[in-house]
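> Handing over input_1.cif, mmCIF, C-alpha atoms.
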```cif
data_final
loop_
_atom_site.label_atom_id
_atom_site.label_comp_id
_atom_site.auth_asym_id
_atom_site.auth_seq_id
_atom_site.Cartn_x
_atom_site.Cartn_y
_atom_site.Cartn_z
CA MET T 29 118.82 116.80 57.41
CA ARG T 30 116.15 118.66 55.47
CA ILE T 31 117.04 121.69 53.40
CA SER T 32 115.22 124.71 52.01
CA ALA T 33 116.26 124.10 48.40
CA ARG T 34 113.00 123.14 46.70
CA ASN T 35 114.42 121.15 43.81
CA SER T 36 115.82 117.65 44.00
CA ILE T 37 116.15 115.48 40.88
CA LYS T 38 117.37 111.90 41.03
CA GLY T 39 119.80 110.55 38.46
CA THR T 40 122.81 108.41 37.69
CA ILE T 41 126.29 109.87 37.35
CA LYS T 42 127.25 109.58 33.70
CA SER T 43 130.63 111.33 33.75
CA ILE T 44 133.00 113.26 36.00
CA THR T 45 135.63 115.64 34.61
CA LYS T 46 138.05 116.77 37.29
CA GLY T 47 139.96 120.05 37.24
CA PRO T 48 142.33 121.41 39.89
CA VAL T 49 139.55 123.42 41.60
CA ASN T 50 136.20 122.54 40.04
CA SER T 51 134.80 119.38 38.51
CA GLU T 52 131.96 118.84 36.08
CA VAL T 53 129.51 116.11 37.06
CA VAL T 54 126.94 115.01 34.48
CA LEU T 55 123.78 113.28 35.75
CA ASP T 56 121.47 111.24 33.54
CA ILE T 57 118.00 111.98 34.92
CA GLY T 58 116.11 109.72 32.52
CA ASN T 59 114.22 110.21 29.26
CA GLY T 60 117.48 111.23 27.60
CA VAL T 61 117.87 114.33 29.74
CA LEU T 62 121.32 115.18 31.12
CA LEU T 63 121.98 117.66 33.93
CA THR T 64 125.41 119.28 34.26
CA SER T 65 126.71 120.36 37.65
CA VAL T 66 129.93 122.18 38.48
CA ILE T 67 131.09 121.63 42.06
CA THR T 68 134.48 121.71 43.76
CA THR T 69 136.83 118.82 43.19
CA HIS T 70 137.06 118.60 46.98
CA ALA T 71 133.31 117.93 47.08
CA VAL T 72 133.63 115.19 44.44
CA GLU T 73 136.30 113.53 46.57
CA ASN T 74 134.58 114.00 49.93
CA LEU T 75 131.31 112.55 48.62
CA GLY T 76 133.22 109.73 46.87
CA LEU T 77 131.33 110.34 43.60
CA LYS T 78 131.86 107.73 40.88
CA GLU T 79 130.34 107.12 37.46
CA GLY T 80 127.28 104.88 37.74
CA ASN T 81 126.37 106.05 41.26
CA THR T 82 122.91 107.27 42.10
CA ALA T 83 122.90 110.95 43.04
CA TRP T 84 120.55 113.91 43.30
CA ALA T 85 120.83 117.33 41.74
CA LEU T 86 119.81 120.01 44.25
CA ILE T 87 118.89 123.46 43.02
CA LYS T 88 117.75 126.56 44.95
CA SER T 89 114.55 127.95 43.40
CA SER T 90 116.04 131.40 42.91
CA GLU T 91 118.58 129.87 40.49
CA VAL T 92 115.98 128.47 38.09
CA MET T 93 115.08 130.63 35.08
CA ILE T 94 112.07 130.09 32.82
CA ALA T 95 112.13 130.12 29.01
CA VAL T 96 109.32 129.91 26.47
CA ASP T 97 109.28 129.51 22.71
CA MET X 15 119.58 132.55 20.44
CA ARG X 16 121.78 129.91 22.01
CA ILE X 17 122.96 130.28 25.59
CA SER X 18 125.78 128.92 27.70
CA ALA X 19 123.53 127.53 30.45
CA ARG X 20 123.90 123.78 30.05
CA ASN X 21 120.62 122.72 31.62
CA SER X 22 117.22 122.95 29.99
CA ILE X 23 114.28 120.87 31.25
CA LYS X 24 110.90 120.91 29.54
CA GLY X 25 107.71 121.01 31.56
CA THR X 26 104.19 122.34 31.96
CA ILE X 27 103.40 125.27 34.24
CA LYS X 28 101.41 123.90 37.15
CA SER X 29 101.04 127.05 39.24
CA ILE X 30 102.11 130.68 39.45
CA THR X 31 102.12 132.62 42.74
CA LYS X 32 102.64 136.32 42.20
CA GLY X 33 104.18 138.69 44.72
CA PRO X 34 104.93 142.39 44.30
CA VAL X 35 108.53 141.74 43.19
CA ASN X 36 109.04 138.00 42.73
CA SER X 37 106.79 135.18 41.62
CA GLU X 38 107.02 131.45 42.16
CA VAL X 39 106.50 129.33 39.06
CA VAL X 40 106.10 125.57 39.51
CA LEU X 41 106.83 123.34 36.51
CA ASP X 42 105.68 119.76 36.22
CA ILE X 43 108.55 118.02 34.41
CA GLY X 44 106.92 114.59 34.29
CA ASN X 45 107.20 111.42 36.37
CA GLY X 46 105.71 113.28 39.32
CA VAL X 47 108.68 115.65 39.57
CA LEU X 48 108.01 119.36 40.20
CA LEU X 49 110.55 122.13 39.70
CA THR X 50 110.14 125.43 41.54
CA SER X 51 111.47 128.64 40.04
CA VAL X 52 111.51 132.12 41.53
CA ILE X 53 111.70 134.89 38.93
CA THR X 54 110.58 138.52 38.87
CA THR X 55 106.89 139.24 38.47
CA HIS X 56 107.89 141.49 35.57
CA ALA X 57 109.37 138.43 33.83
CA VAL X 58 106.17 136.44 34.40
CA GLU X 59 104.20 139.24 32.78
CA ASN X 60 106.61 139.93 29.93
CA LEU X 61 106.73 136.25 28.98
CA GLY X 62 102.94 135.97 29.38
CA LEU X 63 103.28 132.84 31.52
CA LYS X 64 100.04 130.99 32.28
CA GLU X 65 99.17 127.72 33.99
CA GLY X 66 99.11 124.90 31.48
CA ASN X 67 101.71 126.48 29.17
CA THR X 68 104.78 124.58 28.05
CA ALA X 69 107.97 126.11 29.40
CA TRP X 70 111.59 125.22 30.04
CA ALA X 71 113.58 125.52 33.24
CA LEU X 72 117.07 126.87 32.49
CA ILE X 73 119.82 126.41 35.05
CA LYS X 74 123.49 127.44 34.93
CA SER X 75 125.70 124.46 35.78
CA SER X 76 127.46 126.30 38.59
CA GLU X 77 124.11 126.51 40.44
CA VAL X 78 123.56 122.74 40.57
CA MET X 79 124.66 120.93 43.74
CA ILE X 80 125.05 117.18 44.10
CA ALA X 81 123.74 115.09 47.01
CA VAL X 82 124.16 111.42 47.83
CA ASP X 83 122.59 109.18 50.43
CA MET L 3 122.07 112.80 52.90
CA ARG L 4 125.41 114.44 52.22
CA ILE L 5 125.66 117.40 49.85
CA SER L 6 128.37 119.02 47.78
CA ALA L 7 127.88 122.50 49.23
CA ARG L 8 131.06 123.05 51.24
CA ASN L 9 129.75 125.58 53.72
CA SER L 10 127.55 124.85 56.68
CA ILE L 11 127.26 127.29 59.60
CA LYS L 12 125.21 126.53 62.69
CA GLY L 13 123.01 129.18 64.27
CA THR L 14 119.77 130.09 65.97
CA ILE L 15 116.86 131.62 64.08
CA LYS L 16 116.54 135.20 65.30
CA SER L 17 113.73 136.40 63.02
CA ILE L 18 111.55 135.36 60.11
CA THR L 19 109.87 137.92 57.81
CA LYS L 20 107.33 136.28 55.53
CA GLY L 21 106.32 137.63 52.13
CA PRO L 22 103.92 136.07 49.62
CA VAL L 23 106.75 134.32 47.73
CA ASN L 24 110.00 134.75 49.64
CA SER L 25 110.86 135.03 53.30
CA GLU L 26 113.87 136.47 55.05
CA VAL L 27 115.37 134.27 57.75
CA VAL L 28 118.03 135.78 60.02
CA LEU L 29 120.39 133.39 61.83
CA ASP L 30 122.48 134.36 64.83
CA ILE L 31 125.74 132.43 64.34
CA GLY L 32 127.40 133.64 67.51
CA ASN L 33 129.91 136.36 68.41
CA GLY L 34 127.35 138.95 67.37
CA VAL L 35 127.36 137.84 63.75
CA LEU L 36 124.02 137.60 61.90
CA LEU L 37 123.49 135.77 58.61
CA THR L 38 120.55 136.71 56.38
CA SER L 39 118.97 134.12 54.10
CA VAL L 40 116.18 134.58 51.57
CA ILE L 41 114.29 131.37 50.79
CA THR L 42 110.78 130.64 49.59
CA THR L 43 107.92 131.00 52.06
CA HIS L 44 106.97 127.45 51.07
CA ALA L 45 110.36 126.27 52.34
CA VAL L 46 109.88 128.12 55.64
CA GLU L 47 106.55 126.36 56.09
CA ASN L 48 107.69 122.92 54.93
CA LEU L 49 110.68 122.98 57.26
CA GLY L 50 108.51 124.36 60.09
CA LEU L 51 111.05 127.11 60.84
CA LYS L 52 110.41 129.10 64.01
CA GLU L 53 112.32 131.79 65.89
CA GLY L 54 114.62 130.21 68.46
CA ASN L 55 115.14 127.01 66.45
CA THR L 56 118.61 125.71 65.67
CA ALA L 57 119.33 125.76 61.96
CA TRP L 58 122.26 125.70 59.54
CA ALA L 59 123.09 128.10 56.75
CA LEU L 60 124.27 126.18 53.68
CA ILE L 61 126.20 128.00 50.98
CA LYS L 62 127.68 126.70 47.71
CA SER L 63 131.34 127.74 47.46
CA SER L 64 130.85 129.44 44.10
CA GLU L 65 128.49 131.93 45.81
CA VAL L 66 131.07 133.18 48.31
CA MET L 67 132.99 136.33 47.38
CA ILE L 68 136.13 137.58 49.11
CA ALA L 69 136.78 141.16 50.22
CA VAL L 70 139.87 142.81 51.68
CA ASP L 71 140.51 146.21 53.20
CA MET W 24 131.80 151.63 49.15
CA ARG W 25 128.81 150.01 50.77
CA ILE W 26 127.12 147.03 49.13
CA SER W 27 123.71 145.40 49.26
CA ALA W 28 125.03 141.93 50.13
CA ARG W 29 123.84 141.42 53.71
CA ASN W 30 126.44 138.89 54.83
CA SER W 31 130.01 139.65 55.71
CA ILE W 32 132.09 137.24 57.80
CA LYS W 33 135.63 138.03 58.89
CA GLY W 34 138.33 135.39 58.77
CA THR W 35 141.93 134.50 58.04
CA ILE W 36 142.99 132.93 54.75
CA LYS W 37 144.03 129.37 55.52
CA SER W 38 144.77 128.12 51.99
CA ILE W 39 144.60 129.11 48.34
CA THR W 40 144.47 126.54 45.53
CA LYS W 41 144.96 128.11 42.14
CA GLY W 42 143.60 126.73 38.88
CA PRO W 43 143.88 128.25 35.41
CA VAL W 44 140.49 129.99 35.70
CA ASN W 45 139.16 129.59 39.25
CA SER W 46 140.82 129.36 42.63
CA GLU W 47 139.61 127.96 45.91
CA VAL W 48 140.15 130.20 48.94
CA VAL W 49 139.54 128.72 52.39
CA LEU W 50 138.85 131.14 55.25
CA ASP W 51 139.13 130.21 58.92
CA ILE W 52 136.30 132.15 60.57
CA GLY W 53 137.03 130.98 64.10
CA ASN W 54 135.64 128.30 66.40
CA GLY W 55 136.97 125.65 64.03
CA VAL W 56 134.67 126.74 61.19
CA LEU W 57 136.10 126.95 57.66
CA LEU W 58 134.42 128.74 54.75
CA THR W 59 135.29 127.77 51.17
CA SER W 60 135.06 130.32 48.38
CA VAL W 61 135.61 129.82 44.66
CA ILE W 62 136.56 133.00 42.83
CA THR W 63 138.52 133.72 39.65
CA THR W 64 142.28 133.38 39.76
CA HIS W 65 142.40 136.91 38.36
CA ALA W 66 140.56 138.10 41.47
CA VAL W 67 143.03 136.30 43.75
CA GLU W 68 145.89 138.05 41.96
CA ASN W 69 144.27 141.48 41.74
CA LEU W 70 143.42 141.45 45.45
CA GLY W 71 146.89 140.10 46.28
CA LEU W 72 145.43 137.38 48.50
CA LYS W 73 147.94 135.41 50.59
CA GLU W 74 147.66 132.77 53.29
CA GLY W 75 147.48 134.36 56.70
CA ASN W 76 145.80 137.56 55.44
CA THR W 77 142.62 138.87 57.02
CA ALA W 78 139.70 138.77 54.61
CA TRP W 79 135.91 138.82 54.59
CA ALA W 80 133.53 136.38 52.98
CA LEU W 81 130.66 138.27 51.32
CA ILE W 82 127.46 136.44 50.47
CA LYS W 83 124.24 137.71 48.88
CA SER W 84 121.25 136.68 51.00
CA SER W 85 119.51 134.94 48.12
CA GLU W 86 122.41 132.46 47.98
CA VAL W 87 122.02 131.23 51.56
CA MET W 88 119.95 128.08 52.10
CA ILE W 89 118.63 126.87 55.44
CA ALA W 90 118.84 123.30 56.75
CA VAL W 91 117.38 121.70 59.85
CA ASP W 92 117.88 118.31 61.47
CA MET D 6 137.19 147.67 50.64
CA ARG D 7 138.06 145.79 47.47
CA ILE D 8 136.05 142.73 46.47
CA SER D 9 136.58 139.70 44.28
CA ALA D 10 133.48 140.26 42.13
CA ARG D 11 134.93 141.20 38.73
CA ASN D 12 131.99 143.14 37.37
CA SER D 13 131.02 146.65 38.36
CA ILE D 14 128.79 148.78 36.15
CA LYS D 15 127.93 152.37 37.00
CA GLY D 16 124.41 153.69 36.53
CA THR D 17 121.59 155.85 37.81
CA ILE D 18 118.68 154.39 39.78
CA LYS D 19 115.62 154.67 37.55
CA SER D 20 113.06 152.92 39.76
CA ILE D 21 112.67 151.01 43.03
CA THR D 22 109.75 148.62 43.64
CA LYS D 23 109.57 147.54 47.27
CA GLY D 24 108.08 144.28 48.47
CA PRO D 25 107.93 142.97 52.04
CA VAL D 26 111.17 140.96 51.63
CA ASN D 27 112.76 141.80 48.27
CA SER D 28 112.87 144.93 46.17
CA GLU D 29 113.53 145.44 42.50
CA VAL D 30 116.04 148.15 41.65
CA VAL D 31 116.38 149.22 38.02
CA LEU D 32 119.62 150.95 36.98
CA ASP D 33 120.00 152.96 33.79
CA ILE D 34 123.56 152.20 32.67
CA GLY D 35 123.49 154.44 29.60
CA ASN D 36 122.90 153.93 25.90
CA GLY D 37 119.34 152.90 26.66
CA VAL D 38 120.41 149.81 28.61
CA LEU D 39 118.61 149.01 31.88
CA LEU D 40 119.88 146.54 34.50
CA THR D 41 117.45 144.96 36.94
CA SER D 42 118.59 143.90 40.40
CA VAL D 43 116.65 142.11 43.10
CA ILE D 44 118.01 142.71 46.60
CA THR D 45 116.45 142.67 50.05
CA THR D 46 114.26 145.56 51.08
CA HIS D 47 116.48 145.84 54.16
CA ALA D 48 119.44 146.48 51.85
CA VAL D 49 117.52 149.18 49.97
CA GLU D 50 116.78 150.90 53.28
CA ASN D 51 120.25 150.44 54.81
CA LEU D 52 121.94 151.86 51.71
CA GLY D 53 119.33 154.66 51.51
CA LEU D 54 118.75 154.02 47.81
CA LYS D 55 116.60 156.60 46.01
CA GLU D 56 115.62 157.18 42.39
CA GLY D 57 118.13 159.40 40.65
CA ASN D 58 121.07 158.26 42.81
CA THR D 59 124.29 157.02 41.27
CA ALA D 60 124.91 153.34 42.04
CA TRP D 61 126.91 150.40 40.78
CA ALA D 62 125.70 146.96 39.80
CA LEU D 63 128.11 144.31 41.13
CA ILE D 64 128.05 140.83 39.64
CA LYS D 65 130.16 137.77 40.45
CA SER D 66 131.66 136.35 37.23
CA SER D 67 130.22 132.89 37.84
CA GLU D 68 126.71 134.40 37.55
CA VAL D 69 127.20 135.75 34.03
CA MET D 70 125.99 133.58 31.15
CA ILE D 71 126.89 134.09 27.49
CA ALA D 72 124.43 134.01 24.59
CA VAL D 73 125.01 134.18 20.84
CA ASP D 74 122.66 134.54 17.88
CA MET U 14 113.24 131.48 22.73
CA ARG U 15 112.54 134.19 25.29
CA ILE U 16 113.90 133.85 28.83
CA SER U 17 113.04 135.24 32.22
CA ALA U 18 116.51 136.65 32.89
CA ARG U 19 115.97 140.42 32.78
CA ASN U 20 119.50 141.48 31.90
CA SER U 21 121.10 141.20 28.49
CA ILE U 22 124.14 143.28 27.58
CA LYS U 23 125.68 143.21 24.10
CA GLY U 24 129.43 143.11 23.65
CA THR U 25 132.42 141.78 21.75
CA ILE U 26 134.47 138.88 23.04
CA LYS U 27 137.85 140.28 24.02
CA SER U 28 139.48 137.14 25.45
CA ILE U 29 138.81 133.51 26.32
CA THR U 30 140.90 131.62 28.89
CA LYS U 31 140.15 127.90 28.84
CA GLY U 32 140.57 125.58 31.80
CA PRO U 33 139.74 121.87 31.98
CA VAL U 34 136.25 122.52 33.40
CA ASN U 35 135.55 126.26 33.32
CA SER U 36 136.58 129.06 31.02
CA GLU U 37 136.73 132.79 31.54
CA VAL U 38 135.16 134.87 28.79
CA VAL U 39 135.74 138.64 28.83
CA LEU U 40 133.27 140.84 26.94
CA ASP U 41 133.96 144.43 25.94
CA ILE U 42 130.59 146.16 26.35
CA GLY U 43 131.73 149.59 25.21
CA ASN U 44 132.86 152.79 26.94
CA GLY U 45 135.89 150.92 28.29
CA VAL U 46 133.76 148.57 30.40
CA LEU U 47 134.68 144.86 30.50
CA LEU U 48 132.39 142.09 31.77
CA THR U 49 133.89 138.81 32.96
CA SER U 50 131.92 135.58 32.69
CA VAL U 51 132.85 132.11 33.90
CA ILE U 52 131.06 129.33 32.04
CA THR U 53 131.91 125.71 31.32
CA THR U 54 134.52 124.96 28.68
CA HIS U 55 131.91 122.69 27.11
CA ALA U 56 129.65 125.73 26.66
CA VAL U 57 132.48 127.72 25.04
CA GLU U 58 132.99 124.88 22.58
CA ASN U 59 129.31 124.18 21.91
CA LEU U 60 128.60 127.85 21.21
CA GLY U 61 131.78 128.12 19.10
CA LEU U 62 132.87 131.28 20.95
CA LYS U 63 135.86 133.10 19.48
CA GLU U 64 137.60 136.39 20.21
CA GLY U 65 136.05 139.20 18.19
CA ASN U 66 132.58 137.59 18.08
CA THR U 67 129.49 139.51 19.11
CA ALA U 68 127.88 137.99 22.21
CA TRP U 69 125.48 138.91 24.99
CA ALA U 70 125.98 138.64 28.74
CA LEU U 71 122.81 137.31 30.38
CA ILE U 72 122.30 137.80 34.09
CA LYS U 73 119.40 136.78 36.34
CA SER U 74 118.20 139.78 38.36
CA SER U 75 118.62 137.99 41.68
CA GLU U 76 122.39 137.80 40.99
CA VAL U 77 122.89 141.55 40.69
CA MET U 78 124.03 143.40 43.81
CA ILE U 79 123.95 147.16 44.28
CA ALA U 80 126.80 149.28 45.68
CA VAL U 81 126.95 152.96 46.54
CA ASP U 82 129.82 155.25 47.52
#
```
Could you quickly redo this structure as structure tokens?


Amino acid sequence: MRISARNSIKGTIKSITKGPVNSEVVLDIGNGVLLTSVITTHAVENLGLKEGNTAWALIKSSEVMIAVD
Amino acid sequence: MRISARNSIKGTIKSITKGPVNSEVVLDIGNGVLLTSVITTHAVENLGLKEGNTAWALIKSSEVMIAVD
Amino acid sequence: MRISARNSIKGTIKSITKGPVNSEVVLDIGNGVLLTSVITTHAVENLGLKEGNTAWALIKSSEVMIAVD
Amino acid sequence: MRISARNSIKGTIKSITKGPVNSEVVLDIGNGVLLTSVITTHAVENLGLKEGNTAWALIKSSEVMIAVD
Amino acid sequence: MRISARNSIKGTIKSITKGPVNSEVVLDIGNGVLLTSVITTHAVENLGLKEGNTAWALIKSSEVMIAVD
Amino acid sequence: MRISARNSIKGTIKSITKGPVNSEVVLDIGNGVLLTSVITTHAVENLGLKEGNTAWALIKSSEVMIAVD
């Protein structure tokens, strides 16, 4: 399957915090940069996510803002 | 100003494609990884974005999906 | 690849309207229901989308609102 | 009231999982297709949502991705 | 129709910039505050939006970030 | 830091409801209008948000829908 979302960043799952509806998944994408994702707890369970696993962050381009100094 | 969006990734602006309403800004975030952002053309102009500038991609955690092989 | 986005709806591409940055893709998902998607024109081209093709709409759960009468 | 969001899909509420802040609402939209929505628990209560009720999923076009095989 | 989106802000349409796919609609919500919305040009036409009209900005709570000094 | 998000609305924090992953922050933006934001509980803690504080709601233009009567 190929998807329209333009952004895919590879990382390692550093932590998972589960709530009753949503969970926070933190990816270490290298160079000391962490990416935080909030997805449903059902998705965490269906994908079988575990700390230490390789995973990708996927982000639709329209959700990316730009900041400058 | 500090903001709630958890994700901030530094990069260099590689290209800007302007449309009448939205523009596509591509950031090179290193290691051969490109991030595509779609923001308003007004924002591109107000921030004075130019190819070669340093910029940050900002992404709210609820907009980040996770994928696995 | 499996992704966290919970919603996947199969359809047929009914129309594609291309702009310089974004394109509108309309999917016919059956029973007379149309789904409109706005993605980058680069994504339309990279995926090789064409009218009549089978495609899926993918939607992160946090982007789905609920309405009642 | 008429709204700009292009996508409206009718269904029946199959389940509601309430958390302290967000709730997951699953709609059965027919033909065996389920749609998952995450909205605030306050919204679930203010709308009086209950399993078995008719409801619509509303989705802004810019939130719909496209996938192909 | 009642919807789950928690945020509704009344204003007057100050300007509409139409592109081939998306349009920018600027609302004056009073006290010198302007709100910018990007919706499809089809939505602008279907709703018959015109400068000077009263309209509401609707925003899902999960799309609102918080910033502090 | 200047960001591409076009919408910034000043208010006073009226309430914070914390969950294990997400929190709901309600801003009073004047004239009896409340804005609800859902952000991560980590963000609430990192920003040190407290009831009565001044804060800004930030919203990307592509997340703002328009409604008319």

> Do you know which residues the PyMOL selection byres ((chain L and resi 56) around 7) returns on this file, as a list in words?

Gly13, Thr14, Ile15, Gly54, Asn55 and Ala57 of chain L

> Calculate how many Å separate atom CA of L:His44 from atom CA of U:Ser74, rounding to one decimal.

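Atom CA of U:Ser74 lies at a distance of 21.0 Å from atom CA of L:His44.
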
> On this structure, which residues satisfy the PyMOL selection byres ((chain T and resi 95) around 6), written as a list in words?

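Taken on the displayed file, the PyMOL selection byres ((chain T and resi 95) around 6) yields the residues Ile94 and Val96 of chain T; Ala69 and Trp70 of chain X; Arg15 and Ile16 of chain U.
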
> Here's the selection I'm unsure about, the PyMOL selection byres ((chain T) within 12 of (chain U)); applied to the file above, which residues does it give, as a list in words?

Ile44, Thr45, Lys46, Gly47, Pro48, Val49, Asn50, Ser51, Glu52, Val53, Val54, Thr64, Ser65, Val66, Ile67, Thr68, Thr69, Lys88, Ser89, Ser90, Glu91, Val92, Met93, Ile94, Ala95, Val96 and Asp97 of chain T

> Store the residues picked out above in a file with C-alpha atoms, as an mmCIF file, keeping the file's coordinate frame.


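Output (result18.cif):
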```cif
data_model
loop_
_atom_site.group_PDB
_atom_site.id
_atom_site.type_symbol
_atom_site.label_atom_id
_atom_site.label_comp_id
_atom_site.auth_asym_id
_atom_site.auth_seq_id
_atom_site.Cartn_x
_atom_site.Cartn_y
_atom_site.Cartn_z
ATOM 1 C CA ILE T 44 133.000 113.260 36.000
ATOM 2 C CA THR T 45 135.630 115.640 34.610
ATOM 3 C CA LYS T 46 138.050 116.770 37.290
ATOM 4 C CA GLY T 47 139.960 120.050 37.240
ATOM 5 C CA PRO T 48 142.330 121.410 39.890
ATOM 6 C CA VAL T 49 139.550 123.420 41.600
ATOM 7 C CA ASN T 50 136.200 122.540 40.040
ATOM 8 C CA SER T 51 134.800 119.380 38.510
ATOM 9 C CA GLU T 52 131.960 118.840 36.080
ATOM 10 C CA VAL T 53 129.510 116.110 37.060
ATOM 11 C CA VAL T 54 126.940 115.010 34.480
ATOM 12 C CA THR T 64 125.410 119.280 34.260
ATOM 13 C CA SER T 65 126.710 120.360 37.650
ATOM 14 C CA VAL T 66 129.930 122.180 38.480
ATOM 15 C CA ILE T 67 131.090 121.630 42.060
ATOM 16 C CA THR T 68 134.480 121.710 43.760
ATOM 17 C CA THR T 69 136.830 118.820 43.190
ATOM 18 C CA LYS T 88 117.750 126.560 44.950
ATOM 19 C CA SER T 89 114.550 127.950 43.400
ATOM 20 C CA SER T 90 116.040 131.400 42.910
ATOM 21 C CA GLU T 91 118.580 129.870 40.490
ATOM 22 C CA VAL T 92 115.980 128.470 38.090
ATOM 23 C CA MET T 93 115.080 130.630 35.080
ATOM 24 C CA ILE T 94 112.070 130.090 32.820
ATOM 25 C CA ALA T 95 112.130 130.120 29.010
ATOM 26 C CA VAL T 96 109.320 129.910 26.470
ATOM 27 C CA ASP T 97 109.280 129.510 22.710
#
```

> At a cut-off of 12 Å, using only C-alpha atoms, what residues contact U:Gly45? Leave out same-chain residues fewer than 5 positions from it and give the result as a ChimeraX atom specification.

/D:13-15 /U:24-25,27,40

> Just how far from atom CA of X:Asn21 is atom CA of T:Leu62, in Å to one decimal?

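Atom-to-atom, atom CA of T:Leu62 to atom CA of X:Asn21, that is 7.6 Å.
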
> Go ahead and compute the interatomic distance for atom CA of W:Glu68 and atom CA of U:Leu62, in Å to one decimal.

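Interatomic distance here is 25.6 Å.
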
> Taking all atoms of stretch 36-43 of chain L that the file lists and extending 6 Å past them on each side, where is the centre of the axis-aligned box and how long are its edges? Answer in Å to one decimal, as JSON.


```
{"center_x": 116.0, "center_y": 134.1, "center_z": 55.7, "size_x": 28.1, "size_y": 19.0, "size_z": 24.3}
```

> Would you kindly place all heavy atoms on stretch 36-41 of chain W and return the model as a PDB file, in the frame of the given file?


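For reference, rebuild.pdb as written:
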```
ATOM      1  N   ILE W  36     142.819 133.854  55.883  1.00  0.00           N
ATOM      2  CA  ILE W  36     142.990 132.930  54.750  1.00  0.00           C
ATOM      3  C   ILE W  36     143.881 131.763  55.174  1.00  0.00           C
ATOM      4  O   ILE W  36     145.035 131.955  55.576  1.00  0.00           O
ATOM      5  CB  ILE W  36     143.580 133.648  53.528  1.00  0.00           C
ATOM      6  CG1 ILE W  36     142.615 134.751  53.066  1.00  0.00           C
ATOM      7  CG2 ILE W  36     143.844 132.657  52.396  1.00  0.00           C
ATOM      8  CD1 ILE W  36     143.153 135.597  51.911  1.00  0.00           C
ATOM      9  N   LYS W  37     143.320 130.567  55.086  1.00  0.00           N
ATOM     10  CA  LYS W  37     144.030 129.370  55.520  1.00  0.00           C
ATOM     11  C   LYS W  37     144.743 128.698  54.348  1.00  0.00           C
ATOM     12  O   LYS W  37     145.821 128.144  54.489  1.00  0.00           O
ATOM     13  CB  LYS W  37     142.999 128.404  56.107  1.00  0.00           C
ATOM     14  CG  LYS W  37     143.562 127.119  56.666  1.00  0.00           C
ATOM     15  CD  LYS W  37     142.427 126.177  57.063  1.00  0.00           C
ATOM     16  CE  LYS W  37     142.920 124.751  57.227  1.00  0.00           C
ATOM     17  NZ  LYS W  37     143.717 124.579  58.450  1.00  0.00           N
ATOM     18  N   SER W  38     144.123 128.729  53.160  1.00  0.00           N
ATOM     19  CA  SER W  38     144.770 128.120  51.990  1.00  0.00           C
ATOM     20  C   SER W  38     144.191 128.715  50.719  1.00  0.00           C
ATOM     21  O   SER W  38     143.052 129.191  50.690  1.00  0.00           O
ATOM     22  CB  SER W  38     144.564 126.599  51.975  1.00  0.00           C
ATOM     23  OG  SER W  38     143.202 126.290  51.769  1.00  0.00           O
ATOM     24  N   ILE W  39     145.017 128.685  49.679  1.00  0.00           N
ATOM     25  CA  ILE W  39     144.600 129.110  48.340  1.00  0.00           C
ATOM     26  C   ILE W  39     145.064 128.047  47.356  1.00  0.00           C
ATOM     27  O   ILE W  39     146.235 127.687  47.339  1.00  0.00           O
ATOM     28  CB  ILE W  39     145.248 130.469  47.958  1.00  0.00           C
ATOM     29  CG1 ILE W  39     144.823 131.573  48.944  1.00  0.00           C
ATOM     30  CG2 ILE W  39     144.890 130.863  46.533  1.00  0.00           C
ATOM     31  CD1 ILE W  39     145.552 132.907  48.736  1.00  0.00           C
ATOM     32  N   THR W  40     144.121 127.506  46.576  1.00  0.00           N
ATOM     33  CA  THR W  40     144.470 126.540  45.530  1.00  0.00           C
ATOM     34  C   THR W  40     144.147 127.175  44.197  1.00  0.00           C
ATOM     35  O   THR W  40     142.987 127.482  43.913  1.00  0.00           O
ATOM     36  CB  THR W  40     143.612 125.248  45.675  1.00  0.00           C
ATOM     37  OG1 THR W  40     143.754 124.745  47.002  1.00  0.00           O
ATOM     38  CG2 THR W  40     144.044 124.182  44.671  1.00  0.00           C
ATOM     39  N   LYS W  41     145.178 127.408  43.398  1.00  0.00           N
ATOM     40  CA  LYS W  41     144.960 128.110  42.140  1.00  0.00           C
ATOM     41  C   LYS W  41     144.792 127.163  40.964  1.00  0.00           C
ATOM     42  O   LYS W  41     145.582 126.232  40.775  1.00  0.00           O
ATOM     43  CB  LYS W  41     146.152 129.033  41.843  1.00  0.00           C
ATOM     44  CG  LYS W  41     146.192 130.291  42.689  1.00  0.00           C
ATOM     45  CD  LYS W  41     147.251 131.249  42.145  1.00  0.00           C
ATOM     46  CE  LYS W  41     147.406 132.448  43.068  1.00  0.00           C
ATOM     47  NZ  LYS W  41     148.445 133.374  42.560  1.00  0.00           N
TER      48      LYS W  41
END
```
